[in-house]
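S.K.: Dropping in upload.tsv, which is TSV, C-alpha atoms and all ligand atoms:
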chain	number	residue	atom	x	y	z
A	75	MET	CA	-76.86	55.12	-6.30
A	76	ALA	CA	-78.99	52.02	-6.09
A	77	VAL	CA	-82.75	52.25	-6.62
A	78	PHE	CA	-85.27	50.36	-4.47
A	79	TRP	CA	-88.92	49.66	-5.20
A	80	MET	CA	-90.99	47.84	-2.66
A	81	ASP	CA	-94.64	46.87	-2.60
A	82	GLY	CA	-95.74	49.46	-5.04
A	83	LYS	CA	-93.47	52.40	-4.40
A	84	PHE	CA	-89.92	53.63	-4.66
A	85	VAL	CA	-88.30	53.81	-1.23
A	86	GLN	CA	-85.06	54.86	0.42
A	87	PRO	CA	-82.51	52.11	1.20
A	88	GLU	CA	-83.39	52.16	4.92
A	89	GLU	CA	-87.05	51.52	4.08
A	90	ALA	CA	-86.26	48.62	1.78
A	91	LYS	CA	-86.79	45.91	4.40
A	92	VAL	CA	-88.76	42.71	4.74
A	93	SER	CA	-90.39	41.22	7.82
A	94	VAL	CA	-88.57	38.54	9.80
A	95	TYR	CA	-91.80	36.55	9.29
A	96	ASP	CA	-91.42	36.70	5.52
A	97	HIS	CA	-91.43	33.16	4.16
A	98	GLY	CA	-88.92	34.17	1.53
A	99	LEU	CA	-86.47	34.58	4.39
A	100	LEU	CA	-87.73	31.78	6.65
A	101	TYR	CA	-88.10	29.13	3.96
A	102	GLY	CA	-86.71	30.40	0.67
A	103	ASP	CA	-90.33	30.43	-0.46
A	104	GLY	CA	-90.34	32.69	-3.48
A	105	VAL	CA	-88.97	33.38	-6.93
A	106	PHE	CA	-86.70	35.98	-8.43
A	107	GLU	CA	-85.17	37.36	-11.58
A	108	GLY	CA	-81.79	38.93	-12.31
A	109	ILE	CA	-82.18	41.36	-15.20
A	110	ARG	CA	-79.44	43.24	-17.02
A	111	VAL	CA	-79.85	46.91	-17.76
A	112	TYR	CA	-77.91	48.25	-20.72
A	113	LYS	CA	-77.82	52.01	-21.27
A	114	GLY	CA	-80.89	52.50	-19.11
A	115	LYS	CA	-82.97	49.75	-20.77
A	116	ALA	CA	-83.87	46.41	-19.22
A	117	PHE	CA	-82.67	43.61	-21.52
A	118	ARG	CA	-85.25	40.96	-22.47
A	119	LEU	CA	-87.62	42.23	-19.80
A	120	ASP	CA	-90.67	40.42	-21.17
A	121	ASP	CA	-88.84	37.09	-21.04
A	122	HIS	CA	-87.85	37.71	-17.43
A	123	LEU	CA	-91.34	38.76	-16.38
A	124	GLU	CA	-92.81	35.71	-18.05
A	125	ARG	CA	-90.37	33.35	-16.30
A	126	LEU	CA	-91.10	35.06	-12.99
A	127	SER	CA	-94.85	34.72	-13.35
A	128	ASP	CA	-94.54	31.10	-14.56
A	129	GLY	CA	-92.43	30.29	-11.49
A	130	ALA	CA	-94.81	32.05	-9.13
A	131	ARG	CA	-97.73	30.26	-10.72
A	132	ALA	CA	-96.02	26.89	-10.40
A	133	LEU	CA	-95.51	27.58	-6.68
A	134	LEU	CA	-99.07	28.93	-6.28
A	135	ILE	CA	-97.82	32.38	-5.32
A	136	ASP	CA	-100.30	35.07	-6.19
A	137	VAL	CA	-98.31	38.06	-7.46
A	138	PRO	CA	-100.28	41.14	-6.39
A	139	TYR	CA	-99.18	43.11	-9.49
A	140	THR	CA	-99.92	42.62	-13.14
A	141	ARG	CA	-97.09	42.08	-15.58
A	142	GLU	CA	-97.71	45.61	-16.88
A	143	GLU	CA	-97.37	47.04	-13.38
A	144	LEU	CA	-94.10	45.18	-12.82
A	145	LYS	CA	-92.88	46.33	-16.21
A	146	ALA	CA	-93.75	49.91	-15.29
A	147	ALA	CA	-91.83	49.59	-11.99
A	148	VAL	CA	-88.75	48.23	-13.80
A	149	THR	CA	-88.97	50.89	-16.49
A	150	GLU	CA	-89.33	53.66	-13.91
A	151	ALA	CA	-86.37	52.27	-11.92
A	152	CYS	CA	-84.25	52.34	-15.09
A	153	ALA	CA	-85.42	55.88	-15.85
A	154	ARG	CA	-84.00	56.96	-12.50
A	155	ARG	CA	-80.54	56.03	-13.77
A	156	PRO	CA	-80.80	57.05	-17.39
A	157	HIS	CA	-78.28	55.63	-19.89
A	158	GLU	CA	-76.52	53.65	-17.17
A	159	ASP	CA	-75.70	49.96	-17.20
A	160	GLY	CA	-76.87	47.98	-14.20
A	161	TYR	CA	-78.60	44.93	-12.88
A	162	ILE	CA	-82.06	44.49	-11.43
A	163	ARG	CA	-82.97	41.94	-8.83
A	164	LEU	CA	-86.74	41.45	-8.89
A	165	VAL	CA	-88.01	39.30	-6.04
A	166	VAL	CA	-91.41	37.85	-5.19
A	167	THR	CA	-91.73	36.07	-1.86
A	168	ARG	CA	-94.68	34.22	-0.37
A	169	GLY	CA	-94.98	37.15	2.04
A	170	ALA	CA	-95.13	37.38	5.82
A	171	GLY	CA	-96.87	34.54	7.60
A	172	ASP	CA	-96.51	32.79	10.92
A	173	LEU	CA	-93.72	30.47	12.03
A	174	GLY	CA	-95.27	27.42	10.35
A	175	LEU	CA	-94.88	26.45	6.73
A	176	ASN	CA	-98.49	26.98	5.76
A	177	PRO	CA	-98.33	29.26	2.72
A	178	ARG	CA	-102.05	30.01	3.06
A	179	LEU	CA	-101.33	31.99	6.20
A	180	CYS	CA	-99.22	34.43	4.21
A	181	ALA	CA	-101.73	37.10	3.33
A	182	ARG	CA	-99.88	38.84	0.52
A	183	ALA	CA	-96.76	38.21	-1.51
A	184	THR	CA	-93.87	40.61	-0.91
A	185	VAL	CA	-92.51	42.13	-4.10
A	186	PHE	CA	-89.42	44.26	-4.37
A	187	LEU	CA	-86.74	45.26	-6.78
A	188	ILE	CA	-83.20	46.53	-6.44
A	189	LEU	CA	-81.37	48.26	-9.26
A	190	ASP	CA	-77.66	48.30	-8.66
A	191	LYS	CA	-74.35	47.56	-10.33
A	192	ILE	CA	-73.00	44.08	-10.90
A	193	GLN	CA	-69.64	42.54	-11.66
A	194	LEU	CA	-69.69	38.81	-11.11
A	195	TYR	CA	-66.24	37.97	-12.42
A	196	PRO	CA	-63.02	39.94	-12.85
A	197	ALA	CA	-62.67	41.69	-16.23
A	198	GLN	CA	-59.77	39.39	-17.14
A	199	THR	CA	-62.10	36.38	-17.02
A	200	TYR	CA	-63.84	37.63	-20.16
A	201	THR	CA	-60.66	37.78	-22.22
A	202	ASP	CA	-58.70	34.88	-20.73
A	203	GLY	CA	-61.52	32.53	-19.77
A	204	ILE	CA	-62.30	30.75	-16.53
A	205	PRO	CA	-61.37	27.34	-15.10
A	206	LEU	CA	-64.17	25.24	-13.57
A	207	ILE	CA	-64.33	22.27	-11.29
A	208	THR	CA	-67.11	19.72	-11.22
A	209	ALA	CA	-68.83	20.01	-7.86
A	210	SER	CA	-69.78	16.95	-5.87
A	211	THR	CA	-73.01	18.75	-4.98
A	212	ARG	CA	-75.68	17.81	-7.50
A	213	ARG	CA	-78.42	19.91	-9.03
A	214	VAL	CA	-81.81	19.44	-7.35
A	215	PRO	CA	-83.58	16.85	-9.51
A	216	LEU	CA	-86.79	17.51	-11.38
A	217	VAL	CA	-88.61	14.98	-9.22
A	218	CYS	CA	-87.86	17.13	-6.14
A	219	LEU	CA	-88.23	20.63	-7.50
A	220	ASP	CA	-88.41	21.71	-11.12
A	221	PRO	CA	-85.04	23.39	-11.80
A	222	ARG	CA	-86.72	25.67	-14.31
A	223	ILE	CA	-88.32	27.52	-11.41
A	224	LYS	CA	-85.91	30.24	-10.29
A	225	THR	CA	-86.65	29.92	-6.59
A	226	LEU	CA	-85.09	31.79	-3.71
A	227	ASN	CA	-83.45	28.60	-2.50
A	228	TYR	CA	-79.92	28.42	-3.88
A	229	LEU	CA	-78.32	26.30	-1.20
A	230	ASN	CA	-77.03	23.56	-3.44
A	231	ASN	CA	-75.71	26.13	-5.89
A	232	ILE	CA	-74.02	27.91	-2.98
A	233	GLN	CA	-72.50	24.65	-1.77
A	234	ALA	CA	-71.14	24.05	-5.25
A	235	LYS	CA	-69.75	27.60	-5.29
A	236	GLN	CA	-68.05	26.88	-1.96
A	237	GLU	CA	-66.48	23.77	-3.47
A	238	ALA	CA	-65.12	25.89	-6.33
A	239	LEU	CA	-63.72	28.52	-3.98
A	240	MET	CA	-62.13	25.89	-1.76
A	241	ALA	CA	-60.48	24.42	-4.84
A	242	GLY	CA	-59.13	27.88	-5.68
A	243	LYS	CA	-61.51	28.41	-8.63
A	244	LEU	CA	-64.34	30.87	-9.14
A	245	GLU	CA	-66.96	28.58	-10.60
A	246	ALA	CA	-68.27	25.05	-10.50
A	247	LEU	CA	-70.18	22.80	-12.85
A	248	LEU	CA	-73.15	20.91	-11.40
A	249	LEU	CA	-74.24	17.51	-12.62
A	250	ASN	CA	-77.73	16.19	-12.08
A	251	THR	CA	-78.39	13.09	-9.99
A	252	ASP	CA	-77.94	10.90	-13.11
A	253	GLY	CA	-74.47	12.32	-13.62
A	254	LEU	CA	-75.40	14.40	-16.67
A	255	VAL	CA	-74.24	17.99	-17.02
A	256	ALA	CA	-76.84	20.47	-15.75
A	257	GLU	CA	-75.33	23.94	-15.47
A	258	CYS	CA	-73.01	26.10	-13.38
A	259	THR	CA	-73.88	27.63	-10.02
A	260	ALA	CA	-75.68	30.62	-11.54
A	261	ASP	CA	-75.07	30.24	-15.26
A	262	ASN	CA	-75.92	27.91	-18.10
A	263	ILE	CA	-73.20	25.92	-19.83
A	264	PHE	CA	-72.51	25.49	-23.55
A	265	LEU	CA	-69.90	23.58	-25.47
A	266	VAL	CA	-68.73	23.69	-29.06
A	267	LYS	CA	-67.70	20.52	-30.85
A	268	LYS	CA	-66.79	20.46	-34.55
A	269	GLY	CA	-68.63	23.72	-35.10
A	270	ARG	CA	-71.78	22.53	-33.36
A	271	LEU	CA	-73.14	24.37	-30.35
A	272	ILE	CA	-74.41	22.04	-27.63
A	273	THR	CA	-76.16	22.77	-24.35
A	274	PRO	CA	-78.06	20.62	-21.84
A	275	ASP	CA	-81.82	20.49	-22.20
A	276	THR	CA	-83.64	22.03	-19.25
A	277	ILE	CA	-85.04	18.59	-18.49
A	278	TYR	CA	-81.53	17.59	-17.33
A	279	GLY	CA	-81.48	20.30	-14.68
A	280	ALA	CA	-80.70	23.55	-16.47
A	281	LEU	CA	-82.56	26.76	-15.91
A	282	ASP	CA	-84.22	28.04	-19.08
A	283	GLY	CA	-81.79	30.95	-19.00
A	284	ILE	CA	-82.66	34.12	-20.84
A	285	THR	CA	-79.05	34.58	-21.96
A	286	ARG	CA	-79.09	30.93	-23.07
A	287	ARG	CA	-82.14	31.74	-25.21
A	288	VAL	CA	-80.36	34.75	-26.73
A	289	VAL	CA	-77.27	32.65	-27.52
A	290	LEU	CA	-79.41	29.96	-29.16
A	291	GLU	CA	-81.10	32.65	-31.28
A	292	LEU	CA	-77.75	34.16	-32.26
A	293	ALA	CA	-76.38	30.73	-33.15
A	294	ARG	CA	-79.33	30.13	-35.46
A	295	GLN	CA	-78.80	33.54	-37.08
A	296	MET	CA	-75.14	32.63	-37.54
A	297	GLU	CA	-76.26	29.30	-39.00
A	298	LEU	CA	-74.35	27.32	-36.44
A	299	PRO	CA	-75.77	23.84	-35.96
A	300	VAL	CA	-77.29	23.52	-32.49
A	301	THR	CA	-78.08	20.56	-30.25
A	302	VAL	CA	-80.10	20.95	-27.05
A	303	GLY	CA	-79.93	17.59	-25.34
A	304	ALA	CA	-78.09	15.38	-22.90
A	305	VAL	CA	-74.49	16.32	-22.17
A	306	ALA	CA	-72.04	14.07	-20.35
A	307	LEU	CA	-68.94	15.22	-18.53
A	308	THR	CA	-66.82	13.56	-21.24
A	309	ASP	CA	-68.48	15.74	-23.87
A	310	LEU	CA	-67.25	18.79	-21.98
A	311	TYR	CA	-63.79	17.35	-21.35
A	312	ASN	CA	-63.44	16.67	-25.07
A	313	ALA	CA	-65.09	19.86	-26.29
A	314	ASP	CA	-63.30	22.28	-28.62
A	315	GLU	CA	-64.70	25.23	-26.66
A	316	ALA	CA	-67.00	25.92	-23.76
A	317	PHE	CA	-68.62	28.93	-22.18
A	318	MET	CA	-71.11	29.93	-19.51
A	319	THR	CA	-74.06	32.28	-19.95
A	320	GLY	CA	-76.11	34.33	-17.52
A	321	SER	CA	-77.68	37.75	-17.17
A	322	GLY	CA	-75.14	38.79	-14.58
A	323	ALA	CA	-72.17	36.99	-16.14
A	324	GLU	CA	-73.13	37.49	-19.82
A	325	ILE	CA	-70.86	35.10	-21.80
A	326	VAL	CA	-67.75	33.78	-20.07
A	327	PRO	CA	-65.30	31.50	-21.93
A	328	VAL	CA	-64.50	28.29	-20.02
A	329	ILE	CA	-60.95	27.12	-20.62
A	330	GLU	CA	-60.46	24.32	-18.12
A	331	LEU	CA	-62.54	21.74	-16.28
A	332	ASP	CA	-61.20	19.63	-13.41
A	333	GLY	CA	-57.65	20.50	-14.37
A	334	ARG	CA	-58.17	19.42	-17.98
A	335	LYS	CA	-57.72	21.96	-20.73
A	336	ILE	CA	-60.79	22.49	-22.89
A	337	GLY	CA	-59.73	22.63	-26.53
A	338	SER	CA	-56.67	24.85	-26.82
A	339	GLY	CA	-57.08	26.08	-23.25
A	340	LYS	CA	-57.93	29.54	-24.60
A	341	PRO	CA	-61.26	31.20	-25.48
A	342	GLY	CA	-62.28	29.70	-28.81
A	343	PRO	CA	-63.34	31.42	-32.06
A	344	VAL	CA	-67.02	30.44	-31.87
A	345	THR	CA	-67.21	31.70	-28.29
A	346	GLN	CA	-65.60	34.97	-29.35
A	347	ARG	CA	-68.01	35.40	-32.25
A	348	LEU	CA	-70.95	34.79	-29.94
A	349	ILE	CA	-69.61	37.27	-27.38
A	350	GLN	CA	-69.39	39.91	-30.10
A	351	ALA	CA	-72.85	39.13	-31.43
A	352	PHE	CA	-74.20	39.20	-27.89
A	353	HIS	CA	-72.79	42.66	-27.26
A	354	GLN	CA	-74.40	43.81	-30.50
A	355	ALA	CA	-77.72	42.38	-29.35
A	356	THR	CA	-77.56	44.32	-26.08
A	357	LEU	CA	-77.11	47.68	-27.85
A	401	LIG	N1	-78.72	28.93	-14.01
A	401	LIG	C1	-78.93	29.40	-12.78
A	401	LIG	C2	-78.98	28.45	-11.64
A	401	LIG	C3	-79.09	30.78	-12.58
A	401	LIG	O1	-79.29	31.27	-11.35
A	401	LIG	C4	-79.04	31.65	-13.69
A	401	LIG	C5	-79.24	33.12	-13.50
A	401	LIG	N2	-78.16	33.75	-12.86
A	401	LIG	C6	-78.79	31.11	-14.95
A	401	LIG	C7	-78.65	29.73	-15.07
A	401	LIG	C8	-78.71	31.98	-16.17
A	401	LIG	O2	-79.99	32.48	-16.48
A	401	LIG	P1	-80.22	33.89	-17.14
A	401	LIG	O3	-79.49	33.89	-18.43
A	401	LIG	O4	-81.69	34.00	-17.30
A	401	LIG	O5	-79.69	34.91	-16.20
Show how you would write the structure in this file as structure tokens.
M.R.:
Amino acid sequence: MAVFWMDGKFVQPEEAKVSVYDHGLLYGDGVFEGIRVYKGKAFRLDDHLERLSDGARALLIDVPYTREELKAAVTEACARRPHEDGYIRLVVTRGAGDLGLNPRLCARATVFLILDKIQLYPAQTYTDGIPLITASTRRVPLVCLDPRIKTLNYLNNIQAKQEALMAGKLEALLLNTDGLVAECTADNIFLVKKGRLITPDTIYGALDGITRRVVLELARQMELPVTVGAVALTDLYNADEAFMTGSGAEIVPVIELDGRKIGSGKPGPVTQRLIQAFHQATL
């Protein structure tokens, strides 16, 4: 059974509703987090709460709960499904206002969370890897909206996802408006070349993903050389291995891009080591 918390209390599914005047719905005005729950414990909760409050602050959304209160809500939600794995969607919207854009007319931010199950990709994807296409839809550039803010507006990501589905694939890679690799529709991207782990810097349009942070930490523990910088499409085409990371997806090997095999066309050894280390870290 899913668990719902809304504006300060746990509610039944039929009570978990927002106003049609909510600017999260009318304008995508808000921020959110997707948090993994392993065995009844929220994974990297502090990181998620920090990113949420940074995003809200950047958008001048006043979150009517302290970080401790949000943490308590998440912890209590998890306690209602003890020892279970799951996924939490924690959402903060600008709140209900009028039909204009003016955020100042929204009296109070709406805050809710859903704890439910998640399976983003078929189980086989994790063992066999996933093919990607490069979407023609580009990542929203920093000069328009900082891609590090996890806002409720995912339209360009959704367009890219549509492109993937229309091409018969499950996922797409997004480039930024300069043509550099940014990330996938809801996951960060990594590549491995000659034993070095490489991922785009957030400045090129990647979300500062929590799973990305964990993978970078694990790589340092494993003494893998790491580069966080600019990545071109050619770097990915010529990579030995590639994989995607996200709270919902975890680590997914990428075996093909635009019909080109990446490396051997199978999940690579570094990817597999990182997947194992990641599972250890979630225990
Ligand atoms: N990029 C985007 C656009 C995302 O929505 C997400 C979250 N699903 C990620 C990357 C991965 O971030 P995280 O590891 O924090 O879930």
S.K.: How would you write, as a PyMOL selection string, the set of residues no farther than 8 Å from ligand LIG 401 (chain A) when counting all atoms listed in the file?
M.R.: chain A and resi 107-109+122+221+224+228+231+257-262+280-287+319-324
S.K.: Report the distance between CA of Gln193 (chain A) and CA of Lys340 (chain A) in Å, rounded to one decimal place.
M.R.: 21.8 Å
S.K.: Taking into account all atoms listed in the file, which residue in the set A:Leu239, A:Leu265, A:Leu331, A:Val344 is nearest to Val305 (chain A)?
M.R.: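 For Val305 (chain A), the nearest of the candidates is A:Leu265.
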S.K.: Between CA of Lys145 (chain A) and CA of Gly98 (chain A), what distance in Å does the model show, to one decimal?
M.R.: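 A separation of 21.9 Å between them.
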S.K.: Rounded to one decimal in Å, what is the spacing between CA of Ala183 (chain A) and CA of Val148 (chain A)?
M.R.: 17.8 Å
S.K.: With distances taken over all atoms listed in the file, which of A:Lys335, A:Lys268, A:Lys115, A:Arg154 is nearest to Phe78 (chain A)?
M.R.: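 Checking each of A:Lys335, A:Lys268, A:Lys115, A:Arg154 against Phe78 (chain A), counting all atoms listed in the file, the winner is A:Arg154.
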S.K.: Which residue, A:Arg178, A:Arg141, A:His353, A:Lys113, has the smallest gap to Arg155 (chain A) when you use all atoms listed in the file?
M.R.: A:Lys113
S.K.: With distances taken over all atoms listed in the file, which residue among A:Asp128, A:Glu158, A:Asp172, A:Asp275 lies nearest His97 (chain A)?
M.R.: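 The closest residue to His97 (chain A) is A:Asp172.
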S.K.: Quick one: of A:Leu244, A:Ala181, A:Ile162, A:Leu298, who's nearest to Ala147 (chain A), counting only C-alpha atoms?
M.R.: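 Among the listed residues, the smallest separation from Ala147 (chain A) belongs to A:Ile162.
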S.K.: Considering all atoms listed in the file, state which residue in the set A:Leu357, A:Ile204, A:Ile277, A:Ala241 is at the smallest distance from Met318 (chain A).
M.R.: A:Ile204
S.K.: Counting all atoms listed in the file, what is within 9 Å of Thr251 (chain A), bar same-chain residues fewer than 5 positions away, as number ranges by chain?
M.R.: A: 212-215
S.K.: What's around Pro274 (chain A) at 9 Å? Count only C-alpha atoms, leave out sequence neighbours fewer than 5 positions away in its own chain, and write the answer as a list in words.
M.R.: Leu254, Val255, Ala256, Glu257, Asn262, Ile263, Phe264, Gly279, Ala280, Thr301, Val302, Gly303, Ala304 and Val305 of chain A
S.K.: Got a sec: who's within 12 Å of Tyr200 (chain A), counting all atoms listed in the file, leaving out chain neighbours fewer than 3 positions off, as a list in words?
M.R.: Gln193, Leu194, Tyr195, Pro196, Ala197, Gly203, Ile204, Pro205, Phe317, Met318, Thr319, Ala323, Glu324, Ile325, Val326, Pro327, Val328, Ile329, Lys340, Pro341, Gly342, Thr345, Gln346, Ile349 and Gln350 of chain A
S.K.: Deliver the residues from the most recent selection as a file, using C-alpha atoms, as an mmCIF file, in the coordinates of the input.
M.R.:
data_model
loop_
_atom_site.group_PDB
_atom_site.id
_atom_site.type_symbol
_atom_site.label_atom_id
_atom_site.label_comp_id
_atom_site.auth_asym_id
_atom_site.auth_seq_id
_atom_site.Cartn_x
_atom_site.Cartn_y
_atom_site.Cartn_z
ATOM 1 C CA GLN A 193 -69.640 42.540 -11.660
ATOM 2 C CA LEU A 194 -69.690 38.810 -11.110
ATOM 3 C CA TYR A 195 -66.240 37.970 -12.420
ATOM 4 C CA PRO A 196 -63.020 39.940 -12.850
ATOM 5 C CA ALA A 197 -62.670 41.690 -16.230
ATOM 6 C CA GLY A 203 -61.520 32.530 -19.770
ATOM 7 C CA ILE A 204 -62.300 30.750 -16.530
ATOM 8 C CA PRO A 205 -61.370 27.340 -15.100
ATOM 9 C CA PHE A 317 -68.620 28.930 -22.180
ATOM 10 C CA MET A 318 -71.110 29.930 -19.510
ATOM 11 C CA THR A 319 -74.060 32.280 -19.950
ATOM 12 C CA ALA A 323 -72.170 36.990 -16.140
ATOM 13 C CA GLU A 324 -73.130 37.490 -19.820
ATOM 14 C CA ILE A 325 -70.860 35.100 -21.800
ATOM 15 C CA VAL A 326 -67.750 33.780 -20.070
ATOM 16 C CA PRO A 327 -65.300 31.500 -21.930
ATOM 17 C CA VAL A 328 -64.500 28.290 -20.020
ATOM 18 C CA ILE A 329 -60.950 27.120 -20.620
ATOM 19 C CA LYS A 340 -57.930 29.540 -24.600
ATOM 20 C CA PRO A 341 -61.260 31.200 -25.480
ATOM 21 C CA GLY A 342 -62.280 29.700 -28.810
ATOM 22 C CA THR A 345 -67.210 31.700 -28.290
ATOM 23 C CA GLN A 346 -65.600 34.970 -29.350
ATOM 24 C CA ILE A 349 -69.610 37.270 -27.380
ATOM 25 C CA GLN A 350 -69.390 39.910 -30.100
#
S.K.: Applying 9 Å and only C-alpha atoms, which residues near region 165-171 of chain A remain after dropping the ones on its own chain fewer than 3 positions away? List them as a ChimeraX atom specification.
M.R.: /A:92-99,102-108,126,130,135-137,174-188,226
S.K.: Mind checking which residues fall within 9 Å of Tyr139 (chain A), counting all atoms listed in the file, ignoring those fewer than 4 positions away in the same chain, and posting them as an MDAnalysis selection string?
M.R.: chainID A and resid 82 143:144 185
S.K.: Please write as a JSON list (two decimals) with C-alpha atoms, keeping the file's coordinate frame the list of polymer residues whose atoms come within 9 Å of (-76.0, 24.4, -34.2), counting all atoms listed in the file and keeping to the coordinates of the file.
M.R.:
[["chain", "number", "residue", "atom", "x", "y", "z"],
["A", 266, "VAL", "CA", -68.73, 23.69, -29.06],
["A", 269, "GLY", "CA", -68.63, 23.72, -35.10],
["A", 270, "ARG", "CA", -71.78, 22.53, -33.36],
["A", 271, "LEU", "CA", -73.14, 24.37, -30.35],
["A", 272, "ILE", "CA", -74.41, 22.04, -27.63],
["A", 290, "LEU", "CA", -79.41, 29.96, -29.16],
["A", 293, "ALA", "CA", -76.38, 30.73, -33.15],
["A", 294, "ARG", "CA", -79.33, 30.13, -35.46],
["A", 296, "MET", "CA", -75.14, 32.63, -37.54],
["A", 297, "GLU", "CA", -76.26, 29.30, -39.00],
["A", 298, "LEU", "CA", -74.35, 27.32, -36.44],
["A", 299, "PRO", "CA", -75.77, 23.84, -35.96],
["A", 300, "VAL", "CA", -77.29, 23.52, -32.49],
["A", 301, "THR", "CA", -78.08, 20.56, -30.25],
["A", 302, "VAL", "CA", -80.10, 20.95, -27.05]]
S.K.: Give me region 302-308 of chain A with all heavy atoms filled in, as a PDB file, in the frame of the given file.
M.R.:
ATOM      1  N   VAL A 302     -79.678  20.767 -28.439  1.00  0.00           N
ATOM      2  CA  VAL A 302     -80.100  20.950 -27.050  1.00  0.00           C
ATOM      3  C   VAL A 302     -80.492  19.557 -26.575  1.00  0.00           C
ATOM      4  O   VAL A 302     -81.462  18.991 -27.070  1.00  0.00           O
ATOM      5  CB  VAL A 302     -81.284  21.930 -26.957  1.00  0.00           C
ATOM      6  CG1 VAL A 302     -81.770  22.048 -25.518  1.00  0.00           C
ATOM      7  CG2 VAL A 302     -80.884  23.298 -27.492  1.00  0.00           C
ATOM      8  N   GLY A 303     -79.678  18.984 -25.695  1.00  0.00           N
ATOM      9  CA  GLY A 303     -79.930  17.590 -25.340  1.00  0.00           C
ATOM     10  C   GLY A 303     -79.220  17.177 -24.084  1.00  0.00           C
ATOM     11  O   GLY A 303     -79.054  17.979 -23.163  1.00  0.00           O
ATOM     12  N   ALA A 304     -78.800  15.910 -24.067  1.00  0.00           N
ATOM     13  CA  ALA A 304     -78.090  15.380 -22.900  1.00  0.00           C
ATOM     14  C   ALA A 304     -76.592  15.593 -23.114  1.00  0.00           C
ATOM     15  O   ALA A 304     -76.064  15.324 -24.192  1.00  0.00           O
ATOM     16  CB  ALA A 304     -78.397  13.891 -22.747  1.00  0.00           C
ATOM     17  N   VAL A 305     -75.929  16.080 -22.085  1.00  0.00           N
ATOM     18  CA  VAL A 305     -74.490  16.320 -22.170  1.00  0.00           C
ATOM     19  C   VAL A 305     -73.803  15.574 -21.025  1.00  0.00           C
ATOM     20  O   VAL A 305     -74.194  15.722 -19.860  1.00  0.00           O
ATOM     21  CB  VAL A 305     -74.166  17.842 -22.077  1.00  0.00           C
ATOM     22  CG1 VAL A 305     -72.660  18.082 -22.073  1.00  0.00           C
ATOM     23  CG2 VAL A 305     -74.825  18.603 -23.229  1.00  0.00           C
ATOM     24  N   ALA A 306     -72.804  14.777 -21.374  1.00  0.00           N
ATOM     25  CA  ALA A 306     -72.040  14.070 -20.350  1.00  0.00           C
ATOM     26  C   ALA A 306     -70.750  14.843 -20.060  1.00  0.00           C
ATOM     27  O   ALA A 306     -70.328  15.675 -20.867  1.00  0.00           O
ATOM     28  CB  ALA A 306     -71.701  12.660 -20.831  1.00  0.00           C
ATOM     29  N   LEU A 307     -70.185  14.559 -18.920  1.00  0.00           N
ATOM     30  CA  LEU A 307     -68.940  15.220 -18.530  1.00  0.00           C
ATOM     31  C   LEU A 307     -67.862  15.039 -19.612  1.00  0.00           C
ATOM     32  O   LEU A 307     -67.117  15.968 -19.934  1.00  0.00           O
ATOM     33  CB  LEU A 307     -68.489  14.615 -17.196  1.00  0.00           C
ATOM     34  CG  LEU A 307     -67.626  15.443 -16.257  1.00  0.00           C
ATOM     35  CD1 LEU A 307     -68.067  16.886 -16.162  1.00  0.00           C
ATOM     36  CD2 LEU A 307     -67.621  14.789 -14.880  1.00  0.00           C
ATOM     37  N   THR A 308     -67.817  13.837 -20.192  1.00  0.00           N
ATOM     38  CA  THR A 308     -66.820  13.560 -21.240  1.00  0.00           C
ATOM     39  C   THR A 308     -66.985  14.496 -22.433  1.00  0.00           C
ATOM     40  O   THR A 308     -66.003  14.893 -23.054  1.00  0.00           O
ATOM     41  CB  THR A 308     -66.969  12.103 -21.740  1.00  0.00           C
ATOM     42  OG1 THR A 308     -67.253  11.290 -20.616  1.00  0.00           O
ATOM     43  CG2 THR A 308     -65.736  11.613 -22.447  1.00  0.00           C
TER      44      THR A 308
END
